[in-house]
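Pasted below: structure.cif, mmCIF, C-alpha atoms.
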```
data_run
loop_
_atom_site.label_atom_id
_atom_site.label_comp_id
_atom_site.auth_asym_id
_atom_site.auth_seq_id
_atom_site.Cartn_x
_atom_site.Cartn_y
_atom_site.Cartn_z
CA MET A 683 -68.33 152.68 -54.83
CA ARG A 684 -65.90 155.57 -54.66
CA ALA A 685 -64.04 154.03 -51.73
CA SER A 686 -63.58 150.75 -53.58
CA VAL A 687 -62.12 152.61 -56.58
CA TRP A 688 -59.58 154.34 -54.30
CA ILE A 689 -58.70 151.08 -52.59
CA LEU A 690 -58.23 149.41 -55.96
CA ALA A 691 -56.06 152.30 -57.19
CA VAL A 692 -53.85 152.23 -54.09
CA TRP A 693 -53.52 148.46 -54.31
CA ALA A 694 -52.52 148.66 -57.99
CA LEU A 695 -49.96 151.36 -57.23
CA CYS A 696 -48.42 149.34 -54.41
CA ALA A 697 -48.40 146.15 -56.47
CA GLY A 698 -46.63 147.94 -59.31
CA CYS A 699 -43.91 149.20 -56.98
CA ALA A 700 -43.43 145.83 -55.33
CA THR A 701 -42.65 144.04 -58.58
CA GLN A 702 -39.78 146.34 -59.63
CA LYS A 703 -36.55 144.38 -60.02
CA SER A 704 -33.33 146.14 -59.11
CA LEU A 705 -31.01 146.87 -62.01
CA TYR A 706 -27.93 146.07 -59.93
CA GLN A 707 -27.13 143.51 -57.29
CA TRP A 708 -25.88 145.66 -54.37
CA GLY A 709 -25.66 142.90 -51.78
CA HIS A 710 -25.20 144.38 -48.29
CA TYR A 711 -23.43 147.48 -49.59
CA GLU A 712 -25.39 150.10 -47.63
CA ASP A 713 -25.20 148.25 -44.33
CA SER A 714 -21.47 147.56 -44.62
CA LEU A 715 -20.76 151.16 -45.69
CA TYR A 716 -22.68 152.48 -42.70
CA ARG A 717 -20.85 150.11 -40.32
CA MET A 718 -17.49 151.15 -41.77
CA TYR A 719 -18.23 154.87 -41.32
CA LYS A 720 -19.60 154.27 -37.82
CA HIS A 721 -16.71 151.96 -36.86
CA PRO A 722 -13.63 152.64 -39.03
CA GLU A 723 -11.89 149.62 -37.52
CA LYS A 724 -14.34 147.50 -39.56
CA ALA A 725 -12.84 148.64 -42.86
CA LYS A 726 -11.71 145.07 -43.63
CA GLU A 727 -15.30 143.85 -43.37
CA TYR A 728 -16.35 146.59 -45.78
CA GLN A 729 -13.60 145.59 -48.18
CA GLU A 730 -14.77 141.99 -47.99
CA ALA A 731 -18.38 143.04 -48.67
CA LEU A 732 -17.22 144.89 -51.80
CA ARG A 733 -15.21 141.87 -52.93
CA LEU A 734 -18.26 139.63 -52.51
CA ILE A 735 -20.49 142.01 -54.49
CA ILE A 736 -17.97 141.98 -57.34
CA GLN A 737 -17.52 138.21 -57.17
CA ARG A 738 -21.27 137.48 -57.14
CA CYS A 739 -22.05 139.86 -59.98
CA GLU A 740 -19.25 138.57 -62.19
CA LYS A 741 -20.16 134.95 -61.45
CA ALA A 742 -23.83 135.59 -62.30
CA GLY A 743 -22.93 137.55 -65.44
CA ARG A 744 -24.52 140.71 -64.03
CA ILE A 745 -23.23 144.26 -64.22
CA VAL A 746 -21.20 145.31 -61.19
CA PRO A 747 -22.94 148.37 -59.70
CA PRO A 748 -21.40 151.76 -60.44
CA GLY A 749 -18.55 152.73 -58.14
CA ILE A 750 -18.01 149.29 -56.61
CA TYR A 751 -14.83 148.50 -58.56
CA ALA A 752 -13.50 151.97 -57.69
CA GLU A 753 -14.33 151.66 -53.99
CA TYR A 754 -12.71 148.24 -53.80
CA GLY A 755 -9.68 149.62 -55.62
CA TYR A 756 -9.49 152.53 -53.19
CA SER A 757 -9.58 150.16 -50.22
CA LEU A 758 -6.64 148.28 -51.77
CA TYR A 759 -4.87 151.59 -52.41
CA LYS A 760 -5.18 152.54 -48.72
CA GLU A 761 -3.40 149.27 -47.88
CA GLY A 762 -0.57 150.13 -50.28
CA ARG A 763 -1.56 147.43 -52.77
CA PHE A 764 -1.10 149.79 -55.72
CA GLU A 765 -1.01 147.31 -58.61
CA GLU A 766 -4.25 145.67 -57.51
CA ALA A 767 -5.84 149.06 -56.90
CA ALA A 768 -4.94 150.22 -60.42
CA ALA A 769 -6.43 147.03 -61.87
CA PHE A 770 -9.79 147.74 -60.20
CA PHE A 771 -9.69 151.40 -61.22
CA LYS A 772 -9.23 150.17 -64.80
CA LYS A 773 -12.20 147.82 -64.43
CA GLU A 774 -14.33 150.74 -63.21
CA ARG A 775 -13.19 152.85 -66.16
CA GLU A 776 -14.10 150.07 -68.61
CA ALA A 777 -17.47 149.29 -67.01
CA TRP A 778 -18.51 152.91 -66.53
CA PRO A 779 -17.10 155.22 -69.24
CA GLU A 780 -18.43 158.30 -67.47
CA SER A 781 -15.80 157.67 -64.78
CA TYR A 782 -12.97 157.83 -67.34
CA VAL A 783 -11.39 161.13 -66.24
CA LEU A 784 -11.48 160.34 -62.52
CA MET A 785 -10.22 156.77 -62.97
CA ASN A 786 -7.40 157.91 -65.27
CA THR A 787 -6.33 160.43 -62.63
CA LEU A 788 -6.37 157.77 -59.92
CA ILE A 789 -4.49 155.28 -62.10
CA THR A 790 -1.83 157.88 -62.92
CA ASN A 791 -1.43 158.79 -59.24
CA VAL A 792 -1.20 155.14 -58.19
CA GLU A 793 1.43 154.44 -60.85
CA LYS A 794 3.48 157.45 -59.65
CA LEU A 795 3.27 156.28 -56.04
CA LYS A 796 4.28 152.76 -57.03
CA ALA A 797 7.25 154.08 -59.04
CA SER A 798 8.26 156.27 -56.11
CA ARG A 799 8.04 153.34 -53.69
CA ASP A 800 10.01 151.12 -56.07
CA ALA A 801 12.71 153.80 -56.49
CA ALA A 802 13.01 154.10 -52.70
CA GLY A 803 13.48 150.34 -52.47
CA GLU A 804 10.41 149.82 -50.33
CA GLU A 805 8.56 146.56 -50.62
CA ALA A 806 4.90 146.38 -51.49
CA PRO A 807 2.71 144.98 -48.74
CA SER A 808 2.07 141.31 -49.23
CA GLU A 809 -1.36 140.44 -50.46
CA THR A 810 -3.66 139.44 -47.66
CA PRO A 811 -5.11 135.97 -48.11
CA GLN A 812 -8.58 136.02 -49.61
CA PRO A 813 -11.27 133.93 -47.93
CA ALA A 814 -12.61 130.95 -49.81
CA ALA A 815 -15.13 131.82 -52.49
CA GLU A 816 -18.78 131.34 -51.67
CA ASP A 817 -20.69 128.80 -53.71
#
```

Translate this structure into C-alpha coordinates?
Amino acid sequence: MRASVWILAVWALCAGCATQKSLYQWGHYEDSLYRMYKHPEKAKEYQEALRLIIQRCEKAGRIVPPGIYAEYGYSLYKEGRFEEAAAFFKKEREAWPESYVLMNTLITNVEKLKASRDAAGEEAPSETPQPAAED
(Lines of atoms letter the chains of each structure in order from A and count residues from 1; the text may use other names and numbers.)
(Lines give C-alpha, C1' and ligand atoms only; values in the text may rest on other atoms or scores of the structure.)
Protein backbone atom coordinates (compact mmCIF):
# COMPACT_ATOMS: atom_id res chain seq x y z
CA MET A 1 0.00 0.00 0.00
CA ARG A 2 2.77 2.39 0.97
CA ALA A 3 4.66 1.75 -2.27
CA SER A 4 1.59 2.52 -4.36
CA VAL A 5 1.12 5.83 -2.52
CA TRP A 6 4.74 6.81 -3.30
CA ILE A 7 4.37 5.77 -6.93
CA LEU A 8 1.17 7.79 -7.20
CA ALA A 9 2.85 10.82 -5.58
CA VAL A 10 5.86 10.66 -7.91
CA TRP A 11 3.61 10.25 -10.93
CA ALA A 12 1.50 13.26 -9.90
CA LEU A 13 4.62 15.36 -9.37
CA CYS A 14 6.02 14.43 -12.77
CA ALA A 15 2.69 15.00 -14.50
CA GLY A 16 2.42 18.45 -12.93
CA CYS A 17 5.87 19.43 -14.19
CA ALA A 18 5.23 18.10 -17.67
CA THR A 19 2.18 20.26 -18.25
CA GLN A 20 3.90 23.60 -17.50
CA LYS A 21 3.71 25.91 -20.51
CA SER A 22 6.64 28.24 -21.09
CA LEU A 23 5.91 31.91 -20.60
CA TYR A 24 8.10 32.89 -23.56
CA GLN A 25 8.77 31.38 -26.94
CA TRP A 26 12.59 31.06 -26.99
CA GLY A 27 12.89 29.09 -30.21
CA HIS A 28 16.42 27.68 -30.60
CA TYR A 29 18.00 30.48 -28.59
CA GLU A 30 20.18 28.35 -26.29
CA ASP A 31 21.50 26.14 -29.07
CA SER A 32 22.33 29.04 -31.37
CA LEU A 33 23.97 31.00 -28.53
CA TYR A 34 26.13 28.01 -27.64
CA ARG A 35 27.13 27.50 -31.31
CA MET A 36 28.01 31.18 -31.64
CA TYR A 37 30.24 31.13 -28.54
CA LYS A 38 31.83 27.85 -29.62
CA HIS A 39 32.28 29.02 -33.24
CA PRO A 40 32.32 32.84 -33.45
CA GLU A 41 32.29 32.64 -37.24
CA LYS A 42 28.65 31.52 -36.90
CA ALA A 43 27.56 34.90 -35.53
CA LYS A 44 25.34 35.47 -38.59
CA GLU A 45 23.42 32.28 -37.83
CA TYR A 46 22.92 33.49 -34.27
CA GLN A 47 21.69 36.84 -35.53
CA GLU A 48 19.25 35.06 -37.83
CA ALA A 49 17.99 32.90 -34.94
CA LEU A 50 17.31 36.06 -32.90
CA ARG A 51 15.50 37.65 -35.85
CA LEU A 52 13.30 34.56 -36.21
CA ILE A 53 12.44 34.53 -32.50
CA ILE A 54 11.37 38.17 -32.72
CA GLN A 55 9.45 37.62 -35.95
CA ARG A 56 7.59 34.55 -34.65
CA CYS A 57 6.68 36.14 -31.33
CA GLU A 58 5.44 39.36 -32.92
CA LYS A 59 3.47 37.44 -35.56
CA ALA A 60 1.83 35.25 -32.90
CA GLY A 61 1.10 38.24 -30.65
CA ARG A 62 3.35 36.83 -27.92
CA ILE A 63 5.80 38.70 -25.73
CA VAL A 64 9.36 38.68 -27.06
CA PRO A 65 11.55 37.09 -24.36
CA PRO A 66 13.62 39.45 -22.22
CA GLY A 67 16.92 40.48 -23.76
CA ILE A 68 16.19 39.25 -27.28
CA TYR A 69 15.57 42.71 -28.76
CA ALA A 70 18.74 43.95 -27.05
CA GLU A 71 20.87 41.03 -28.26
CA TYR A 72 19.61 41.45 -31.81
CA GLY A 73 20.30 45.18 -31.58
CA TYR A 74 23.82 44.48 -30.32
CA SER A 75 24.49 42.13 -33.23
CA LEU A 76 23.42 44.94 -35.59
CA TYR A 77 25.61 47.39 -33.67
CA LYS A 78 28.65 45.15 -34.15
CA GLU A 79 28.02 45.32 -37.91
CA GLY A 80 27.91 49.13 -37.77
CA ARG A 81 24.17 49.28 -38.43
CA PHE A 82 23.66 51.90 -35.72
CA GLU A 83 20.17 53.17 -36.62
CA GLU A 84 18.73 49.66 -36.68
CA ALA A 85 20.55 48.79 -33.46
CA ALA A 86 19.09 51.83 -31.70
CA ALA A 87 15.60 50.87 -32.89
CA PHE A 88 15.91 47.43 -31.28
CA PHE A 89 17.38 48.89 -28.09
CA LYS A 90 14.30 51.12 -27.94
CA LYS A 91 12.02 48.11 -28.42
CA GLU A 92 13.78 46.35 -25.53
CA ARG A 93 13.38 49.44 -23.35
CA GLU A 94 9.65 49.61 -24.14
CA ALA A 95 9.02 45.89 -23.66
CA TRP A 96 11.10 45.56 -20.49
CA PRO A 97 11.08 48.76 -18.39
CA GLU A 98 13.64 47.32 -15.98
CA SER A 99 16.19 47.62 -18.81
CA TYR A 100 15.56 51.37 -19.14
CA VAL A 101 18.90 52.64 -17.78
CA LEU A 102 21.04 50.18 -19.74
CA MET A 103 19.10 50.66 -22.98
CA ASN A 104 19.24 54.46 -22.66
CA THR A 105 23.01 54.24 -22.22
CA LEU A 106 23.34 52.02 -25.28
CA ILE A 107 21.05 54.26 -27.35
CA THR A 108 23.04 57.36 -26.36
CA ASN A 109 26.34 55.66 -27.23
CA VAL A 110 25.01 54.44 -30.57
CA GLU A 111 23.74 57.91 -31.45
CA LYS A 112 27.15 59.42 -30.58
CA LEU A 113 28.94 56.85 -32.75
CA LYS A 114 26.55 57.48 -35.63
CA ALA A 115 27.05 61.25 -35.34
CA SER A 116 30.82 60.75 -35.23
CA ARG A 117 30.72 58.51 -38.31
CA ASP A 118 28.49 60.98 -40.14
CA ALA A 119 30.81 63.89 -39.25
CA ALA A 120 33.78 61.92 -40.59
CA GLY A 121 31.91 61.35 -43.84
CA GLU A 122 31.94 57.59 -43.50
CA GLU A 123 29.09 55.64 -45.00
CA ALA A 124 26.96 53.29 -42.98
CA PRO A 125 27.24 49.66 -44.00
CA SER A 126 24.48 48.68 -46.35
CA GLU A 127 21.76 46.58 -44.85
CA THR A 128 22.27 42.92 -45.51
CA PRO A 129 19.35 41.33 -47.33
CA GLN A 130 16.97 39.54 -44.98
CA PRO A 131 15.90 36.02 -45.88
CA ALA A 132 12.29 35.48 -46.83
CA ALA A 133 9.93 35.32 -43.88
CA GLU A 134 8.80 31.90 -42.73
CA ASP A 135 5.13 31.10 -42.98

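With all atoms listed in the file as the atoms that count, the residue of A:Leu705, A:Ala806, A:Leu715, A:Val746 with the shortest distance to Lys773 in chain A is A:Val746.
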
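Take the candidates A:Gly709, A:Lys720, A:Glu793, A:Ser757 and check each one against Gln737 in chain A using all atoms listed in the file; the shortest distance goes to A:Gly709.
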
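We find CA of Ile736 in chain A and CA of Glu712 in chain A to be spaced 14.7 Å apart.
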
I would like the residues chosen by the PyMOL selection byres ((chain A and resi 725-734) around 9) on the shown file; could you give them as a PDB file with C-alpha atoms, in the frame of the given file?
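Saved result, expr33.pdb, follows:
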```pdb
ATOM      1  CA  GLY A 709     -25.660 142.900 -51.780  1.00  0.00           C
ATOM      2  CA  HIS A 710     -25.200 144.380 -48.290  1.00  0.00           C
ATOM      3  CA  TYR A 711     -23.430 147.480 -49.590  1.00  0.00           C
ATOM      4  CA  SER A 714     -21.470 147.560 -44.620  1.00  0.00           C
ATOM      5  CA  LEU A 715     -20.760 151.160 -45.690  1.00  0.00           C
ATOM      6  CA  ARG A 717     -20.850 150.110 -40.320  1.00  0.00           C
ATOM      7  CA  MET A 718     -17.490 151.150 -41.770  1.00  0.00           C
ATOM      8  CA  TYR A 719     -18.230 154.870 -41.320  1.00  0.00           C
ATOM      9  CA  HIS A 721     -16.710 151.960 -36.860  1.00  0.00           C
ATOM     10  CA  PRO A 722     -13.630 152.640 -39.030  1.00  0.00           C
ATOM     11  CA  GLU A 723     -11.890 149.620 -37.520  1.00  0.00           C
ATOM     12  CA  LYS A 724     -14.340 147.500 -39.560  1.00  0.00           C
ATOM     13  CA  ILE A 735     -20.490 142.010 -54.490  1.00  0.00           C
ATOM     14  CA  ILE A 736     -17.970 141.980 -57.340  1.00  0.00           C
ATOM     15  CA  GLN A 737     -17.520 138.210 -57.170  1.00  0.00           C
ATOM     16  CA  ARG A 738     -21.270 137.480 -57.140  1.00  0.00           C
ATOM     17  CA  CYS A 739     -22.050 139.860 -59.980  1.00  0.00           C
ATOM     18  CA  ILE A 750     -18.010 149.290 -56.610  1.00  0.00           C
ATOM     19  CA  TYR A 751     -14.830 148.500 -58.560  1.00  0.00           C
ATOM     20  CA  GLU A 753     -14.330 151.660 -53.990  1.00  0.00           C
ATOM     21  CA  TYR A 754     -12.710 148.240 -53.800  1.00  0.00           C
ATOM     22  CA  SER A 757      -9.580 150.160 -50.220  1.00  0.00           C
ATOM     23  CA  LEU A 758      -6.640 148.280 -51.770  1.00  0.00           C
ATOM     24  CA  GLN A 812      -8.580 136.020 -49.610  1.00  0.00           C
ATOM     25  CA  PRO A 813     -11.270 133.930 -47.930  1.00  0.00           C
ATOM     26  CA  ALA A 815     -15.130 131.820 -52.490  1.00  0.00           C
ATOM     27  CA  GLU A 816     -18.780 131.340 -51.670  1.00  0.00           C
TER      28      GLU A 816
END
```

Residues matched by the PyMOL selection byres ((chain A and resi 785) around 8), written as number ranges by chain: A: 752, 771-772, 774-775, 781-784, 786-789

Atomic distance CA of Ile745 in chain A - CA of Pro779 in chain A, expressed in Å with one decimal: 13.5 Å

Two-atom distance - CA of Trp708 in chain A, CA of Lys760 in chain A (Å):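 Taking CA of Trp708 in chain A and CA of Lys760 in chain A, their separation equals 22.5 Å.
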
Of the listed residues A:Asp800, A:Tyr706, A:Glu780, A:Ala768, that which approaches Ala742 in chain A most closely, counting all atoms listed in the file: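 Closest to Ala742 in chain A, using all atoms listed in the file: A:Tyr706.
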
Surrounding residues of Gly762 in chain A excluding itself and chain neighbours under 5 positions, 10 Å, all atoms listed in the file, as a ChimeraX atom specification: /A:756-757,767,792,795-796,799,805-809

Proximity to Glu765 in chain A - best of A:Tyr716, A:Ala802, A:Lys794, A:Ser704, only C-alpha atoms: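 Closest residue, counting only C-alpha atoms: A:Lys794.
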